[in-house]
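Read the structure below first, then the notes.
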Amino acid sequence: MRRLILVVIAIVLFCFPAATMANNEVDEDKWKELNHISDKVLQLVKQEKYEDAKKLLTYFSEQFLSIRYNNSDLTMSDLHIVTNSFEQVEGAVTGVSVPPEERILRATEFRLVVDALVTDGKPLWKNTEKSLFYSFQQMKETAEAGDNQALQHRINEFLRQYQVIRPAIMIDLEPQNFQRIQSHIAFLEKYRQDLLEDEQKLAQLEVIEKELHLLYDGIQEDGADPSLLWVMLTIGGMIFTSLSYVGFKKYKAEKQKVKVKE
(Lines give C-alpha, C1' and ligand atoms only; values in the text may rest on other atoms or scores of the structure.)
Protein backbone atom coordinates (compact mmCIF):
# COMPACT_ATOMS: atom_id res chain seq x y z
CA MET A 1 0.00 0.00 0.00
CA ARG A 2 2.86 2.37 0.81
CA ARG A 3 4.32 1.65 -2.61
CA LEU A 4 1.00 2.49 -4.28
CA ILE A 5 0.85 5.83 -2.47
CA LEU A 6 4.41 6.63 -3.57
CA VAL A 7 3.48 5.82 -7.16
CA VAL A 8 0.47 8.12 -6.96
CA ILE A 9 2.60 10.93 -5.54
CA ALA A 10 5.16 10.41 -8.31
CA ILE A 11 2.43 10.70 -10.92
CA VAL A 12 1.23 13.95 -9.33
CA LEU A 13 4.75 15.35 -9.36
CA PHE A 14 5.19 14.36 -12.99
CA CYS A 15 1.89 15.79 -14.19
CA PHE A 16 2.00 18.98 -12.11
CA PRO A 17 5.68 19.96 -11.82
CA ALA A 18 4.81 23.65 -11.50
CA ALA A 19 3.13 22.95 -8.17
CA THR A 20 6.17 21.24 -6.70
CA MET A 21 9.12 23.11 -8.19
CA ALA A 22 10.38 26.55 -7.24
CA ASN A 23 9.44 29.18 -9.82
CA ASN A 24 12.56 30.42 -11.63
CA GLU A 25 11.96 33.95 -12.78
CA VAL A 26 13.25 35.12 -16.13
CA ASP A 27 15.50 38.15 -16.15
CA GLU A 28 12.70 40.66 -16.74
CA ASP A 29 15.03 43.63 -17.09
CA LYS A 30 16.88 41.92 -19.92
CA TRP A 31 13.63 41.09 -21.71
CA LYS A 32 12.51 44.70 -21.40
CA GLU A 33 15.83 45.77 -22.87
CA LEU A 34 15.40 43.39 -25.80
CA ASN A 35 11.92 44.74 -26.40
CA HIS A 36 13.29 48.27 -26.41
CA ILE A 37 16.07 47.29 -28.80
CA SER A 38 13.62 45.77 -31.28
CA ASP A 39 11.64 49.02 -31.24
CA LYS A 40 14.81 51.04 -31.77
CA VAL A 41 15.80 48.81 -34.70
CA LEU A 42 12.45 49.48 -36.36
CA GLN A 43 12.83 53.24 -35.91
CA LEU A 44 16.35 53.18 -37.36
CA VAL A 45 15.21 51.15 -40.37
CA LYS A 46 12.41 53.64 -41.02
CA GLN A 47 15.02 56.41 -40.93
CA GLU A 48 17.22 54.33 -43.29
CA LYS A 49 20.04 54.27 -40.74
CA TYR A 50 20.94 50.71 -41.61
CA GLU A 51 24.46 50.64 -40.14
CA ASP A 52 23.15 51.70 -36.73
CA ALA A 53 20.35 49.14 -37.00
CA LYS A 54 22.89 46.44 -37.84
CA LYS A 55 24.96 47.28 -34.73
CA LEU A 56 21.86 47.12 -32.55
CA LEU A 57 20.92 43.74 -34.01
CA THR A 58 24.39 42.42 -33.13
CA TYR A 59 23.91 43.66 -29.57
CA PHE A 60 20.44 42.12 -29.48
CA SER A 61 21.89 38.76 -30.51
CA GLU A 62 24.47 38.88 -27.72
CA GLN A 63 21.89 39.72 -25.07
CA PHE A 64 19.37 37.22 -26.39
CA LEU A 65 21.87 34.37 -26.18
CA SER A 66 22.76 35.29 -22.59
CA ILE A 67 19.22 34.66 -21.28
CA ARG A 68 18.69 31.45 -19.28
CA TYR A 69 15.97 29.83 -21.35
CA ASN A 70 15.87 26.72 -19.19
CA ASN A 71 14.29 28.92 -16.52
CA SER A 72 11.73 30.51 -18.83
CA ASP A 73 8.36 29.54 -20.26
CA LEU A 74 9.58 29.79 -23.84
CA THR A 75 9.04 26.77 -26.04
CA MET A 76 11.33 25.53 -28.78
CA SER A 77 8.75 26.84 -31.23
CA ASP A 78 8.99 30.34 -29.71
CA LEU A 79 12.78 30.30 -29.95
CA HIS A 80 12.60 29.14 -33.55
CA ILE A 81 10.17 31.93 -34.45
CA VAL A 82 12.21 34.73 -32.90
CA THR A 83 15.46 33.34 -34.35
CA ASN A 84 13.95 33.12 -37.83
CA SER A 85 12.53 36.64 -37.55
CA PHE A 86 15.92 37.94 -36.41
CA GLU A 87 17.61 36.35 -39.43
CA GLN A 88 14.99 37.88 -41.72
CA VAL A 89 15.47 41.42 -40.43
CA GLU A 90 19.25 41.03 -40.33
CA GLY A 91 19.25 39.93 -43.97
CA ALA A 92 16.97 42.82 -44.92
CA VAL A 93 19.15 45.38 -43.15
CA THR A 94 22.45 44.11 -44.53
CA GLY A 95 21.17 43.26 -48.02
CA VAL A 96 22.34 45.58 -50.76
CA SER A 97 19.37 45.45 -53.12
CA VAL A 98 16.53 45.09 -50.59
CA PRO A 99 13.83 47.75 -51.14
CA PRO A 100 13.19 50.12 -48.18
CA GLU A 101 9.57 48.87 -47.92
CA GLU A 102 10.75 45.29 -47.48
CA ARG A 103 13.26 46.33 -44.82
CA ILE A 104 10.48 48.06 -42.88
CA LEU A 105 8.20 45.03 -43.14
CA ARG A 106 10.89 42.69 -41.81
CA ALA A 107 11.77 45.11 -38.99
CA THR A 108 8.07 45.46 -38.11
CA GLU A 109 7.65 41.69 -38.02
CA PHE A 110 10.68 41.41 -35.73
CA ARG A 111 9.31 44.14 -33.46
CA LEU A 112 5.95 42.37 -33.13
CA VAL A 113 7.58 39.00 -32.43
CA VAL A 114 9.77 40.29 -29.60
CA ASP A 115 6.83 42.17 -28.10
CA ALA A 116 4.69 39.01 -28.24
CA LEU A 117 7.36 37.20 -26.23
CA VAL A 118 7.55 39.93 -23.61
CA THR A 119 4.07 41.44 -23.29
CA ASP A 120 1.49 39.69 -21.10
CA GLY A 121 -1.31 42.14 -21.78
CA LYS A 122 -2.35 43.52 -25.15
CA PRO A 123 0.41 42.72 -27.66
CA LEU A 124 1.44 45.23 -30.31
CA TRP A 125 0.27 43.05 -33.19
CA LYS A 126 -3.33 43.78 -32.20
CA ASN A 127 -2.73 47.40 -33.17
CA THR A 128 -2.64 46.25 -36.80
CA GLU A 129 -6.39 45.54 -36.79
CA LYS A 130 -7.46 48.67 -38.70
CA SER A 131 -4.86 48.36 -41.44
CA LEU A 132 -5.43 44.63 -41.92
CA PHE A 133 -9.22 45.00 -42.09
CA TYR A 134 -8.90 47.94 -44.46
CA SER A 135 -6.85 45.73 -46.77
CA PHE A 136 -9.39 42.93 -46.40
CA GLN A 137 -12.33 45.22 -47.21
CA GLN A 138 -10.49 46.47 -50.30
CA MET A 139 -10.11 42.85 -51.35
CA LYS A 140 -13.81 42.10 -50.80
CA GLU A 141 -14.96 45.18 -52.73
CA THR A 142 -12.70 44.28 -55.63
CA ALA A 143 -14.11 40.75 -55.63
CA GLU A 144 -17.66 42.12 -55.73
CA ALA A 145 -16.67 44.31 -58.70
CA GLY A 146 -15.60 41.17 -60.56
CA ASP A 147 -12.16 42.40 -61.61
CA ASN A 148 -9.92 39.35 -61.24
CA GLN A 149 -6.65 41.12 -62.04
CA ALA A 150 -7.30 43.83 -59.46
CA LEU A 151 -8.48 41.16 -57.01
CA GLN A 152 -5.17 39.29 -57.25
CA HIS A 153 -3.36 42.53 -56.47
CA ARG A 154 -5.57 43.11 -53.41
CA ILE A 155 -5.06 39.54 -52.24
CA ASN A 156 -1.29 40.07 -52.46
CA GLU A 157 -1.56 43.19 -50.31
CA PHE A 158 -3.69 41.45 -47.70
CA LEU A 159 -1.43 38.38 -47.52
CA ARG A 160 1.63 40.57 -47.26
CA GLN A 161 0.19 42.34 -44.22
CA TYR A 162 -0.92 39.06 -42.67
CA GLN A 163 2.55 37.56 -43.06
CA VAL A 164 3.95 40.42 -40.97
CA ILE A 165 1.80 39.53 -37.95
CA ARG A 166 1.81 35.77 -38.53
CA PRO A 167 4.93 34.97 -36.40
CA ALA A 168 3.62 37.06 -33.50
CA ILE A 169 0.21 35.38 -33.44
CA MET A 170 1.93 31.99 -33.60
CA ILE A 171 3.50 32.90 -30.26
CA ASP A 172 0.34 34.34 -28.69
CA LEU A 173 -2.29 31.81 -29.81
CA GLU A 174 -2.77 28.22 -28.78
CA PRO A 175 -1.63 25.90 -31.60
CA GLN A 176 -5.14 24.72 -32.46
CA ASN A 177 -6.42 28.31 -32.70
CA PHE A 178 -3.52 29.40 -34.86
CA GLN A 179 -4.06 26.44 -37.18
CA ARG A 180 -7.71 27.41 -37.51
CA ILE A 181 -6.76 30.90 -38.69
CA GLN A 182 -3.99 29.57 -40.88
CA SER A 183 -6.27 27.06 -42.59
CA HIS A 184 -8.48 29.92 -43.84
CA ILE A 185 -5.47 31.85 -45.10
CA ALA A 186 -4.21 28.71 -46.85
CA PHE A 187 -7.63 28.36 -48.51
CA LEU A 188 -7.39 31.92 -49.82
CA GLU A 189 -3.89 31.31 -51.18
CA LYS A 190 -4.86 28.05 -52.86
CA TYR A 191 -8.11 29.13 -54.51
CA ARG A 192 -7.39 32.80 -55.15
CA GLN A 193 -7.67 32.34 -58.92
CA ASP A 194 -11.05 30.60 -58.65
CA LEU A 195 -12.90 32.95 -56.31
CA LEU A 196 -14.82 34.83 -59.01
CA GLU A 197 -15.76 31.61 -60.79
CA ASP A 198 -17.16 29.79 -57.75
CA GLU A 199 -19.74 31.43 -55.49
CA GLN A 200 -19.11 28.98 -52.66
CA LYS A 201 -15.40 29.79 -52.63
CA LEU A 202 -16.17 33.50 -52.85
CA ALA A 203 -18.49 33.15 -49.85
CA GLN A 204 -15.50 31.88 -47.89
CA LEU A 205 -14.35 35.49 -47.63
CA GLU A 206 -17.16 36.12 -45.14
CA VAL A 207 -15.93 33.21 -43.02
CA ILE A 208 -12.38 34.53 -43.11
CA GLU A 209 -13.60 37.95 -42.02
CA LYS A 210 -15.37 36.44 -39.00
CA GLU A 211 -12.24 34.54 -38.05
CA LEU A 212 -10.20 37.73 -38.24
CA HIS A 213 -12.66 39.44 -35.90
CA LEU A 214 -12.23 36.57 -33.48
CA LEU A 215 -8.48 36.89 -33.80
CA TYR A 216 -8.45 40.52 -32.71
CA ASP A 217 -11.35 40.36 -30.25
CA GLY A 218 -9.82 37.37 -28.51
CA ILE A 219 -10.50 33.74 -29.30
CA GLN A 220 -12.31 32.12 -26.40
CA GLU A 221 -10.20 29.36 -24.94
CA ASP A 222 -11.82 26.33 -23.36
CA GLY A 223 -12.05 26.58 -19.59
CA ALA A 224 -9.98 23.45 -19.17
CA ASP A 225 -8.38 20.81 -21.31
CA PRO A 226 -10.56 17.65 -21.18
CA SER A 227 -7.46 15.47 -21.13
CA LEU A 228 -6.13 17.44 -18.17
CA LEU A 229 -9.44 17.07 -16.35
CA TRP A 230 -9.31 13.33 -16.96
CA VAL A 231 -5.81 13.15 -15.49
CA MET A 232 -6.86 15.18 -12.45
CA LEU A 233 -9.95 13.08 -11.84
CA THR A 234 -8.04 9.84 -12.31
CA ILE A 235 -5.24 10.83 -9.94
CA GLY A 236 -7.71 12.32 -7.48
CA GLY A 237 -9.70 9.08 -7.52
CA MET A 238 -6.56 7.02 -6.92
CA ILE A 239 -5.54 9.21 -4.00
CA PHE A 240 -9.05 9.11 -2.51
CA THR A 241 -9.19 5.33 -2.90
CA SER A 242 -5.75 4.90 -1.36
CA LEU A 243 -6.49 7.13 1.61
CA SER A 244 -9.89 5.53 2.12
CA TYR A 245 -8.34 2.07 2.12
CA VAL A 246 -5.64 3.13 4.58
CA GLY A 247 -8.26 4.73 6.81
CA PHE A 248 -10.43 1.62 6.69
CA LYS A 249 -7.47 -0.65 7.57
CA LYS A 250 -6.54 1.63 10.46
CA TYR A 251 -10.14 1.69 11.71
CA LYS A 252 -10.35 -2.10 11.48
CA ALA A 253 -7.07 -2.52 13.37
CA GLU A 254 -8.19 -0.15 16.12
CA LYS A 255 -11.48 -1.99 16.40
CA GLN A 256 -9.62 -5.31 16.70
CA LYS A 257 -7.48 -3.88 19.51
CA VAL A 258 -10.60 -2.89 21.41
CA LYS A 259 -11.97 -6.40 21.09
CA VAL A 260 -8.73 -7.91 22.37
CA LYS A 261 -8.74 -5.59 25.38
CA GLU A 262 -12.34 -6.50 26.13
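To be explicit about the labels: the chains of the C-alpha coordinates are called A, B, and onward in the order shown, and within each one the residues are counted from 1, while ligands get numbers from 1 in the order they are shown.
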
>> For Glu144 (chain A), find every residue with an atom within 12 Å (counting only C-alpha atoms), except residues of its own chain fewer than 5 positions away, and show them as a list in words.
In response: Gln137, Gln138, Met139, Ala150, Leu151, Leu195, Leu196, Glu197, Glu199, Leu202, Ala203 and Leu205 of chain A

> What is the CA of Ser66 (chain A)-CA of His36 (chain A) distance in Å, reported with one decimal?
Replying inline: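 Distance between the two atoms: 16.5 Å.
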
>> Quick one: residues within 9 Å of Leu56 (chain A), only C-alpha atoms, excluding same-chain residues fewer than 5 positions away - as a ChimeraX atom specification?
In response: /A:37-38,40-41,51,61

> Which residues, written as a PyMOL selection string, have at least one atom at most 12 Å from Gln179 (chain A), with only C-alpha atoms counted and residues fewer than 4 positions away on the same chain left out?
Replying inline: chain A and resi 166+169-170+173-175+183-186+211+215

> So, counting only C-alpha atoms, which residue among A:Gln149, A:Gln43, A:Thr119, A:Thr83 is closest to Arg103 (chain A)?
Replying inline: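 Using only C-alpha atoms, the shortest distance to Arg103 (chain A) belongs to A:Gln43.
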
Produce a table with one row for each residue of region 96-197 of chain A that has an atom at most 7 Å from any atom of region 75-82 of chain A, each row naming the nearest atom pair and its distance in Å at one decimal; use only C-alpha atoms; arrange rows by chain and rising residue number; format as a tab-separated table.
```
residue	atom	partner	partner_atom	distance
A:Val113	CA	A:Val82	CA	6.3
A:Val114	CA	A:Val82	CA	6.9
A:Pro167	CA	A:Ile81	CA	6.4
A:Ile171	CA	A:Asp78	CA	6.1
```

> Skipping near chain neighbours, those fewer than 4 positions away, what residues fall within 9 Å of Phe64 (chain A) using only C-alpha atoms, listed as a VMD selection string?
Replying inline: chain A and resid 30 to 31 34 59 to 60

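Relative to CA of Thr128 (chain A), CA of Gly95 (chain A) is found at 26.5 Å.
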
> Closest to Ala168 (chain A) among A:Asp115, A:Glu33, A:Glu28, A:Glu90, using only C-alpha atoms?
Replying inline: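 Closest to Ala168 (chain A), using only C-alpha atoms: A:Asp115.
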
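From CA of Glu101 (chain A) back to CA of Asp194 (chain A), the distance works out to 29.6 Å.
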
>> Residues of region 118-213 of chain A classed as alpha helix (DSSP H) by DSSP on the backbone are to be reported as a PyMOL selection string.
In response: chain A and resi 118+129-145+148-172+175-190+199-213

> Pick the closest to Ala143 (chain A) from A:Glu48, A:Glu129, A:Glu206, A:Asp217: which is it, counting only C-alpha atoms?
Replying inline: A:Glu206
